[in-house]
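**Q** Structure file protein_22.cif, mmCIF, C-alpha atoms, is pasted below:
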data_start
#
loop_
_atom_site.label_atom_id
_atom_site.label_comp_id
_atom_site.auth_asym_id
_atom_site.auth_seq_id
_atom_site.Cartn_x
_atom_site.Cartn_y
_atom_site.Cartn_z
CA GLU A 2 115.98 57.34 109.37
CA ARG A 3 119.71 57.72 109.87
CA LEU A 4 120.78 61.17 111.00
CA GLY A 5 124.34 62.37 110.39
CA PRO A 6 126.86 63.87 110.57
CA HIS A 7 128.26 62.00 113.60
CA THR A 8 131.37 60.00 112.79
CA GLY A 9 131.44 57.86 115.93
CA TRP A 10 129.32 56.94 118.94
CA VAL A 11 126.18 58.94 119.72
CA LYS A 12 126.35 59.11 123.52
CA ASP A 13 123.05 60.83 124.33
CA ILE A 14 119.99 62.54 122.84
CA ALA A 15 117.44 65.04 124.15
CA SER A 16 114.49 66.90 122.67
CA ILE A 17 112.13 69.72 123.54
CA GLN A 18 109.24 71.60 121.98
CA LEU A 19 108.88 75.23 123.01
CA GLN A 20 106.00 77.62 122.44
CA HIS A 21 106.55 81.36 122.25
CA HIS A 22 104.01 84.16 122.46
CA ASN A 23 106.04 87.34 122.01
CA ASP A 24 106.91 87.23 118.32
CA GLU A 25 103.94 87.95 116.03
CA ASN A 26 105.95 86.86 113.01
CA ASP A 27 106.87 83.57 114.62
CA SER A 28 104.80 80.47 114.01
CA GLY A 29 104.85 80.04 117.80
CA ARG A 30 106.57 76.69 118.04
CA HIS A 31 110.19 75.56 118.07
CA VAL A 32 111.11 71.87 118.15
CA PHE A 33 114.70 70.82 118.78
CA LEU A 34 116.39 67.43 118.80
CA PHE A 35 119.92 67.30 120.23
CA SER A 36 122.47 64.53 119.76
CA ILE A 37 126.04 64.36 121.05
CA GLY A 38 129.08 62.65 119.59
CA CYS A 39 132.75 63.42 120.22
CA ASN A 40 133.00 67.10 121.18
CA CYS A 41 129.95 68.27 119.22
CA ILE A 42 126.24 68.69 119.81
CA GLU A 43 124.24 68.41 116.61
CA VAL A 44 120.96 70.33 116.61
CA TRP A 45 118.03 69.13 114.48
CA LYS A 46 114.64 70.58 113.58
CA PRO A 47 111.69 68.90 111.83
CA ARG A 48 111.26 69.71 108.18
CA ASP A 49 108.16 71.73 107.39
CA GLU A 50 105.55 70.78 104.79
CA LYS A 51 107.31 72.65 101.99
CA GLU A 52 110.62 70.94 102.69
CA ASN A 53 108.94 67.54 102.71
CA HIS A 54 107.12 68.34 99.47
CA ASP A 55 110.35 69.45 97.79
CA SER A 56 112.05 66.26 98.95
CA GLY A 57 109.23 64.12 97.54
CA ASP A 58 107.82 63.10 100.94
CA ASP A 59 104.39 64.44 101.93
CA ARG A 60 104.53 63.30 105.57
CA ALA A 61 104.92 66.71 107.21
CA GLY A 62 107.39 66.75 110.09
CA SER A 63 108.37 63.10 109.62
CA TYR A 64 112.01 63.90 108.95
CA TYR A 65 114.53 66.09 110.71
CA ARG A 66 116.98 68.45 109.07
CA HIS A 67 120.35 69.48 110.46
CA TYR A 68 120.01 72.98 111.92
CA HIS A 69 123.13 73.87 113.91
CA LYS A 70 126.34 72.54 115.44
CA LEU A 71 127.65 73.38 118.92
CA GLN A 72 131.31 72.55 119.42
CA VAL A 73 133.28 72.28 122.66
CA ASP A 74 136.98 73.03 122.84
CA SER A 75 139.41 71.93 125.54
CA SER A 76 140.33 74.58 128.10
CA VAL A 77 143.73 74.28 129.82
CA GLU A 78 142.95 77.47 131.76
CA MET A 79 140.12 75.64 133.54
CA GLY A 80 142.40 72.72 134.34
CA CYS A 81 140.86 70.57 131.61
CA THR A 82 143.60 68.89 129.61
CA LEU A 83 141.80 65.70 128.58
CA SER A 84 139.55 65.10 125.64
CA SER A 85 136.62 67.51 125.39
CA ASP A 86 134.22 64.77 124.23
CA LEU A 87 130.67 65.03 125.59
CA LEU A 88 128.86 62.20 127.37
CA CYS A 89 125.43 63.37 128.62
CA LEU A 90 122.71 65.96 128.03
CA ALA A 91 119.95 67.67 130.02
CA ILE A 92 117.50 70.48 129.28
CA HIS A 93 116.52 73.16 131.79
CA ARG A 94 113.15 74.74 131.01
CA TYR A 95 111.76 77.79 132.77
CA CYS A 96 109.05 80.41 132.24
CA CYS A 97 109.32 84.14 131.68
CA SER A 98 108.40 84.80 135.30
CA GLU A 99 110.31 83.11 138.11
CA ASN A 100 106.93 82.69 139.85
CA ASP A 101 105.61 80.51 137.05
CA SER A 102 105.82 76.80 137.71
CA VAL A 103 107.19 74.18 135.36
CA ASP A 104 106.28 70.53 135.88
CA SER A 105 108.99 67.96 135.50
CA MET A 106 108.43 65.34 132.82
CA ILE A 107 110.05 62.69 135.02
CA GLY A 108 109.14 61.05 138.31
CA ASP A 109 105.79 62.06 139.79
CA ALA A 110 104.83 64.45 136.99
CA SER A 111 101.53 63.69 135.29
CA THR A 112 102.48 64.99 131.85
CA SER A 113 104.76 63.16 129.47
CA ASN A 114 104.78 65.32 126.33
CA MET A 115 107.56 67.69 125.40
CA MET A 116 105.30 70.72 124.81
CA GLU A 117 105.79 73.52 127.34
CA PRO A 118 104.54 77.16 127.14
CA LEU A 119 108.01 78.56 127.74
CA SER A 120 110.19 81.28 126.31
CA GLN A 121 113.45 80.36 128.01
CA CYS A 122 115.46 77.16 127.81
CA GLU A 123 119.00 76.05 128.55
CA LEU A 124 120.98 73.10 127.25
CA MET A 125 123.42 71.40 129.63
CA ALA A 126 126.11 68.87 128.72
CA GLY A 127 128.70 66.94 130.75
CA GLY A 128 132.04 65.84 129.34
CA VAL A 129 135.03 63.55 129.63
CA ASP A 130 137.18 66.35 131.04
CA GLY A 131 134.96 66.95 134.10
CA ARG A 132 133.26 70.10 132.85
CA ILE A 133 129.56 70.97 132.61
CA HIS A 134 128.62 73.18 129.67
CA ARG A 135 125.64 75.51 129.39
CA TRP A 136 123.98 77.18 126.41
CA ARG A 137 120.97 79.51 126.58
CA ILE A 138 118.34 78.97 123.89
CA ARG A 139 116.57 82.15 122.80
CA GLY A 140 114.02 81.43 120.10
CA THR A 141 116.09 79.59 117.52
CA SER A 142 119.45 80.99 118.66
CA PHE A 143 122.06 79.54 121.02
CA VAL A 144 123.82 82.22 123.07
CA ASP A 145 125.96 82.75 126.17
CA SER A 146 127.97 79.55 126.04
CA GLU A 147 129.87 78.85 129.26
CA ALA A 148 131.38 75.98 131.25
CA THR A 149 132.56 75.15 134.76
CA SER A 150 134.69 72.41 136.29
CA ALA A 151 132.45 69.93 138.11
CA HIS A 152 134.23 66.56 138.59
CA GLU A 153 137.67 65.01 138.47
CA GLY A 154 137.39 62.86 135.39
CA ARG A 155 134.27 61.99 133.45
CA VAL A 156 130.85 63.50 134.03
CA ASN A 157 128.73 60.42 133.39
CA GLY A 158 125.26 61.82 134.02
CA ILE A 159 123.31 65.03 134.58
CA VAL A 160 119.62 65.56 135.35
CA ILE A 161 117.49 68.62 136.09
CA CYS A 162 115.08 68.54 139.04
CA HIS A 163 112.81 71.30 137.76
CA LYS A 164 110.56 71.71 140.79
CA LEU A 165 113.53 71.75 143.16
CA LYS A 166 115.44 73.98 140.71
CA ALA A 167 118.55 71.84 140.93
CA LEU A 168 121.09 70.43 138.51
CA VAL A 169 122.50 67.07 139.64
CA SER A 170 125.68 65.55 138.21
CA ILE A 171 127.62 62.32 138.82
CA GLY A 172 131.09 61.25 137.76
CA ASN A 173 133.99 58.84 137.83
CA ASP A 174 135.24 60.50 141.01
CA GLY A 175 132.44 58.87 143.03
CA LEU A 176 130.72 62.17 143.72
CA LEU A 177 127.18 63.39 143.33
CA VAL A 178 127.11 67.18 142.98
CA CYS A 179 123.87 69.15 143.25
CA TRP A 180 123.81 72.72 141.97
CA LYS A 181 121.28 75.36 142.99
CA ILE A 182 120.09 76.78 139.67
CA ASN A 183 120.06 80.57 139.38
CA ASN A 184 119.03 81.81 135.94
CA ASN A 185 120.57 85.23 136.58
CA GLU A 186 124.05 83.93 137.45
CA SER A 187 126.88 82.24 135.62
CA ILE A 188 126.95 78.49 136.24
CA SER A 189 130.37 78.89 137.87
CA ASP A 190 128.69 81.05 140.57
CA TRP A 191 125.94 78.57 141.44
CA GLN A 192 125.94 77.23 145.00
CA PHE A 193 126.63 73.52 145.16
CA ALA A 194 126.93 70.63 147.59
CA LYS A 195 128.78 67.33 147.16
CA LEU A 196 127.88 63.88 148.36
CA CYS A 197 130.65 61.31 148.48
CA LEU A 198 128.98 57.94 147.90
CA ASN A 199 131.25 55.69 149.89
CA ASN A 200 129.97 53.49 152.76
CA GLN A 201 129.60 56.50 155.04
CA GLY A 202 127.89 58.73 152.48
CA SER A 203 129.56 61.82 153.94
CA ILE A 204 128.54 65.25 152.68
CA GLU A 205 130.85 68.07 151.75
CA ASN A 206 129.73 71.52 150.71
CA GLY A 207 132.06 72.91 148.07
CA SER A 208 135.12 71.11 149.43
CA ASP A 209 137.20 68.14 148.31
CA SER A 210 139.35 67.93 151.45
CA ALA A 211 137.85 64.84 153.09
CA ILE A 212 137.14 62.67 150.05
CA THR A 213 138.94 59.37 150.54
CA SER A 214 140.91 57.48 147.92
CA GLU A 215 138.53 54.53 148.46
CA ALA A 216 135.57 56.68 147.47
CA ARG A 217 137.32 57.76 144.30
CA ARG A 218 137.41 54.14 143.16
CA ILE A 219 133.59 54.05 143.15
CA LYS A 220 132.54 55.30 139.74
CA LEU A 221 128.99 56.58 139.36
CA GLN A 222 127.78 55.59 135.93
CA SER A 223 124.05 56.31 135.52
CA MET A 224 121.21 58.28 137.09
CA CYS A 225 117.47 58.90 136.89
CA ILE A 226 114.91 60.98 138.80
CA VAL A 227 112.56 59.03 141.08
CA SER A 228 110.56 61.99 142.42
CA ASP A 229 110.76 65.76 142.08
CA GLY A 230 109.21 68.29 144.49
CA THR A 231 109.65 71.93 145.41
CA ASN A 232 111.42 71.07 148.69
CA GLU A 233 112.75 67.58 148.04
CA SER A 234 113.77 65.36 145.14
CA ILE A 235 115.05 61.77 144.99
CA VAL A 236 117.43 60.39 142.38
CA ALA A 237 118.66 56.86 141.75
CA ILE A 238 122.36 56.28 141.06
CA GLY A 239 123.97 53.29 139.35
CA SER A 240 127.65 52.44 139.76
CA THR A 241 130.31 50.42 137.96
CA CYS A 242 130.19 47.69 140.65
CA GLY A 243 126.52 46.78 140.26
CA ARG A 244 125.35 48.98 143.14
CA VAL A 245 122.18 51.12 142.94
CA MET A 246 121.49 53.84 145.52
CA LEU A 247 118.69 56.31 146.25
CA VAL A 248 119.76 59.84 147.20
CA ARG A 249 117.47 62.47 148.69
CA ILE A 250 118.19 66.13 147.88
CA SER A 251 116.43 68.49 150.28
CA LYS A 252 116.18 72.25 150.38
CA ALA A 253 117.29 73.74 153.70
CA VAL A 254 114.42 75.39 155.61
CA ASN A 255 116.54 78.22 156.99
CA GLY A 256 118.97 80.53 155.24
CA ASP A 257 119.05 80.79 151.45
CA GLY A 258 117.64 77.35 150.78
CA GLU A 259 120.90 75.49 150.22
CA LEU A 260 120.65 71.96 148.85
CA ILE A 261 121.43 69.03 151.15
CA PRO A 262 122.06 65.61 149.55
CA GLU A 263 121.95 62.43 151.65
CA LEU A 264 122.04 58.71 150.98
CA MET A 265 118.67 57.24 152.04
CA LYS A 266 118.84 54.46 154.63
CA ASP A 267 118.12 50.92 153.49
CA SER A 268 117.95 52.11 149.89
CA THR A 269 121.12 50.55 148.49
CA LYS A 270 120.91 47.42 146.39
CA THR A 271 123.90 45.52 145.00
CA LEU A 272 123.37 43.24 142.02
CA VAL A 273 126.44 41.01 142.05
CA ASP A 274 125.84 39.67 138.56
CA ALA A 275 124.85 42.97 136.96
CA GLY A 276 128.31 44.40 136.39
CA VAL A 277 128.31 48.04 135.33
CA ILE A 278 124.88 49.72 135.61
CA HIS A 279 124.87 51.47 132.24
CA ALA A 280 121.40 53.03 132.43
CA LEU A 281 118.45 53.49 134.81
CA GLN A 282 114.81 54.21 134.03
CA PHE A 283 112.20 55.02 136.68
CA TYR A 284 108.59 53.84 136.46
CA LYS A 285 105.58 54.31 138.74
CA ALA A 286 103.50 51.19 139.42
CA ASP A 287 100.81 52.63 141.75
CA ASP A 288 100.34 55.24 144.49
CA ALA A 289 103.03 53.72 146.70
CA GLY A 290 104.96 51.33 144.52
CA ARG A 291 107.91 52.49 142.48
CA GLY A 292 110.40 50.67 140.35
CA ILE A 293 113.63 51.15 138.45
CA LEU A 294 114.62 49.35 135.28
CA LEU A 295 118.34 48.52 135.46
CA PHE A 296 120.38 47.95 132.34
CA GLY A 297 123.58 46.21 133.42
CA GLY A 298 126.57 44.77 131.67
CA SER A 299 125.15 41.25 131.96
CA GLY A 300 121.49 41.92 131.30
CA PHE A 301 118.26 43.64 132.30
CA PHE A 302 116.99 43.84 135.89
CA VAL A 303 113.98 45.29 137.73
CA TRP A 304 114.08 46.74 141.25
CA THR A 305 110.73 47.51 142.91
CA PHE A 306 110.30 49.31 146.23
CA ASP A 307 107.85 51.27 148.37
CA LEU A 308 109.07 54.86 148.23
CA ASN A 309 106.82 56.01 151.09
CA ALA A 310 108.28 53.33 153.37
CA LEU A 311 111.83 54.34 152.46
CA LYS A 312 111.03 57.97 153.22
CA LYS A 313 109.81 57.00 156.72
CA ILE A 314 112.97 54.99 157.37
CA ALA A 315 115.21 57.87 156.32
CA ARG A 316 113.51 60.42 158.55
#
As structure tokens - that is how I would like this structure written.
**A**
Amino acid sequence: ERLGPHTGWVKDIASIQLQHHNDENDSGRHVFLFSIGCNCIEVWKPRDEKENHDSGDDRAGSYYRHYHKLQVDSSVEMGCTLSSDLLCLAIHRYCCSENDSVDSMIGDASTSNMMEPLSQCELMAGGVDGRIHRWRIRGTSFVDSEATSAHEGRVNGIVICHKLKALVSIGNDGLLVCWKINNNESISDWQFAKLCLNNQGSIENGSDSAITSEARRIKLQSMCIVSDGTNESIVAIGSTCGRVMLVRISKAVNGDGELIPELMKDSTKTLVDAGVIHALQFYKADDAGRGILLFGGSGFFVWTFDLNALKKIAR
């Protein structure tokens, strides 16, 4: 089935199925499919049985209908003067109580379906102009839209480490930025730390002062979660020069639990013939073995490694 009304490239898609318990008049389930193109996010919902019957198709839920459009405008006040086109999506899911746990669907999580007994959800999107956008989803409504400047130039990827409660973003500026998620604060007030992925892998917390011009030439293009835990998560990063890196994000033991990103030792692989690493996909082979599917400009590659061994080296 072809879904409109995009007029150009569809850069990313995401979906979620939420279950609600508070509304007696509600059927209890909300399914959303999101797609981005240009500066818009199109929101889709499955047709119900009546809609399918009226359309002459009796396969309930087999087709989506257009439900809503979210549009992003450029903001000169925020220093964003480029196109406001969107490039990547992520969904942050959390329960009514902050003490309730939510398992990640990526990495070491055992579940793979999109059904979660949640009442709260947020949609995140990264754009060409360096901003990250956030919408809160309440039932079937999208409220409290906001944005914050995150990178100089394109935001090429964002992921949510649900157990660590962190938003991770990468961009053309060669930076990985990890944000400490706080549901009660504006995204512009979230604490963050930056990792400059040059040869030294130096860390800067909320400062751009020491980022070298050489590091800015390294563009981070793709990202996936390798493991997600309450105190530590690992993400894989793909660059425009065929380089793939593993980055550990740890929660500080003391203080307010600030996030500390670091490039793992002996975890960088350069595929000379790969070109730009357009996409990464993690897979788990066995208890120790891990692997990443690499989709490069010149073809498809597989990188396998022992994550436990890499963790010991990095300690």
**Q** Find the residues around A:Glu153 up to 8 Å (only C-alpha atoms counted), leave out those fewer than 4 positions away in its own chain, and share them as a count of residues only.
**A** 5
**Q** Do a neighbour search on stretch 232-234 of chain A at 10 Å with only C-alpha atoms, toss out local chain neighbours closer than 2 positions, and write the hits as a JSON list (two decimals) with C-alpha atoms, keeping the file's coordinate frame.
**A**
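Once everything was written out, this is out.json:
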[["chain", "number", "residue", "atom", "x", "y", "z"],
["A", 108, "GLY", "CA", 109.14, 61.05, 138.31],
["A", 162, "CYS", "CA", 115.08, 68.54, 139.04],
["A", 163, "HIS", "CA", 112.81, 71.30, 137.76],
["A", 164, "LYS", "CA", 110.56, 71.71, 140.79],
["A", 165, "LEU", "CA", 113.53, 71.75, 143.16],
["A", 166, "LYS", "CA", 115.44, 73.98, 140.71],
["A", 167, "ALA", "CA", 118.55, 71.84, 140.93],
["A", 226, "ILE", "CA", 114.91, 60.98, 138.80],
["A", 227, "VAL", "CA", 112.56, 59.03, 141.08],
["A", 228, "SER", "CA", 110.56, 61.99, 142.42],
["A", 229, "ASP", "CA", 110.76, 65.76, 142.08],
["A", 230, "GLY", "CA", 109.21, 68.29, 144.49],
["A", 236, "VAL", "CA", 117.43, 60.39, 142.38],
["A", 248, "VAL", "CA", 119.76, 59.84, 147.20],
["A", 249, "ARG", "CA", 117.47, 62.47, 148.69],
["A", 250, "ILE", "CA", 118.19, 66.13, 147.88],
["A", 251, "SER", "CA", 116.43, 68.49, 150.28],
["A", 252, "LYS", "CA", 116.18, 72.25, 150.38],
["A", 253, "ALA", "CA", 117.29, 73.74, 153.70],
["A", 254, "VAL", "CA", 114.42, 75.39, 155.61],
["A", 258, "GLY", "CA", 117.64, 77.35, 150.78],
["A", 260, "LEU", "CA", 120.65, 71.96, 148.85],
["A", 261, "ILE", "CA", 121.43, 69.03, 151.15],
["A", 262, "PRO", "CA", 122.06, 65.61, 149.55]]
**Q** When you draw a straight line from atom CA of A:Ser240 to atom CA of A:Gln222, how long is it in Å?
**A**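 Between atom CA of A:Ser240 and atom CA of A:Gln222 the gap works out to 5.0 Å.
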**Q** Which distance in Å separates atom CA of A:Leu90 and atom CA of A:Ile133, to one decimal?
**A**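 Atom-to-atom, atom CA of A:Leu90 and atom CA of A:Ile133 are spaced 9.6 Å apart.
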**Q** Take atom CA of A:Ile238 and atom CA of A:Ser150 and report the distance between them in Å, one decimal.
**A**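 So the answer is 20.9 Å.
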**Q** For the file shown, report as a PyMOL selection string the outcome of the PyMOL selection byres ((chain A and resi 147) around 6) at residue level.
**A** chain A and resi 134-135+146+148
**Q** Which polymer residues have any atom within 9 Å of an atom of A:Asp274, counting all atoms listed in the file, with same-chain residues fewer than 6 positions away left out, as a list in words?
**A**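 Counting only the stated atoms, we get Gly243, Gly297, Gly298, Ser299 and Gly300 of chain A.
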**Q** Take the PyMOL selection byres ((chain A and resi 122) around 7), apply it to the structure above, and return the hits as a PyMOL selection string.
**A** chain A and resi 93-95+120-121+123-124+137-138
**Q** Point out the residue among A:Val303, A:Val178, A:Leu281, A:Ile219 with the least atom-to-atom distance to A:Gly239, counting all atoms listed in the file.
**A**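 Looking only at the distances to A:Gly239, the closest residue turns out to be A:Leu281.
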**Q** So what does the PyMOL selection byres ((chain A and resi 182) around 8) actually pick up in this one, as a short mmCIF file (atom, residue, chain, number, x, y, z; two decimals) with C-alpha atoms, keeping the file's coordinate frame?
**A**
data_model
loop_
_atom_site.label_atom_id
_atom_site.label_comp_id
_atom_site.auth_asym_id
_atom_site.auth_seq_id
_atom_site.Cartn_x
_atom_site.Cartn_y
_atom_site.Cartn_z
CA LYS A 166 115.44 73.98 140.71
CA ALA A 167 118.55 71.84 140.93
CA LEU A 168 121.09 70.43 138.51
CA TRP A 180 123.81 72.72 141.97
CA LYS A 181 121.28 75.36 142.99
CA ASN A 183 120.06 80.57 139.38
CA ASN A 184 119.03 81.81 135.94
CA ILE A 188 126.95 78.49 136.24
CA TRP A 191 125.94 78.57 141.44
CA GLN A 192 125.94 77.23 145.00
#
**Q** May I ask which of the residues A:Gly276, A:Gly128, A:Gly256, A:Gly175 is the closest one to A:Leu87, counting only C-alpha atoms?
**A**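 Answer, going by the shortest atom-to-atom distance: A:Gly128.
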**Q** Could you work out an axis-aligned box for stretch 163-177 of chain A, taking every atom the file lists and adding 8 Å on each side, and report centre and edge lengths in Å to one decimal, as lines of an AutoDock Vina configuration file?
**A**
center_x = 122.9
center_y = 66.4
center_z = 140.7
size_x = 40.7
size_y = 31.1
size_z = 22.0
**Q** Taking into account only C-alpha atoms, which residue in the set A:Asn185, A:Asn255, A:Gln72, A:Ser170 is nearest to A:Ala237?
**A**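 Among A:Asn185, A:Asn255, A:Gln72, A:Ser170, it is A:Ser170 that comes nearest to A:Ala237.
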**Q** For A:Gly9, which of A:Cys39, A:Leu34, A:Leu311, A:Val44 is the closest residue, counting all atoms listed in the file?
**A** A:Cys39
**Q** Compare A:Ile161, A:Val32, A:Leu4, A:Leu264 by their minimum atom-to-atom distance to A:Leu196, counting all atoms listed in the file, and give me the closest one.
**A**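 Under the stated criterion, the closest residue is A:Leu264.
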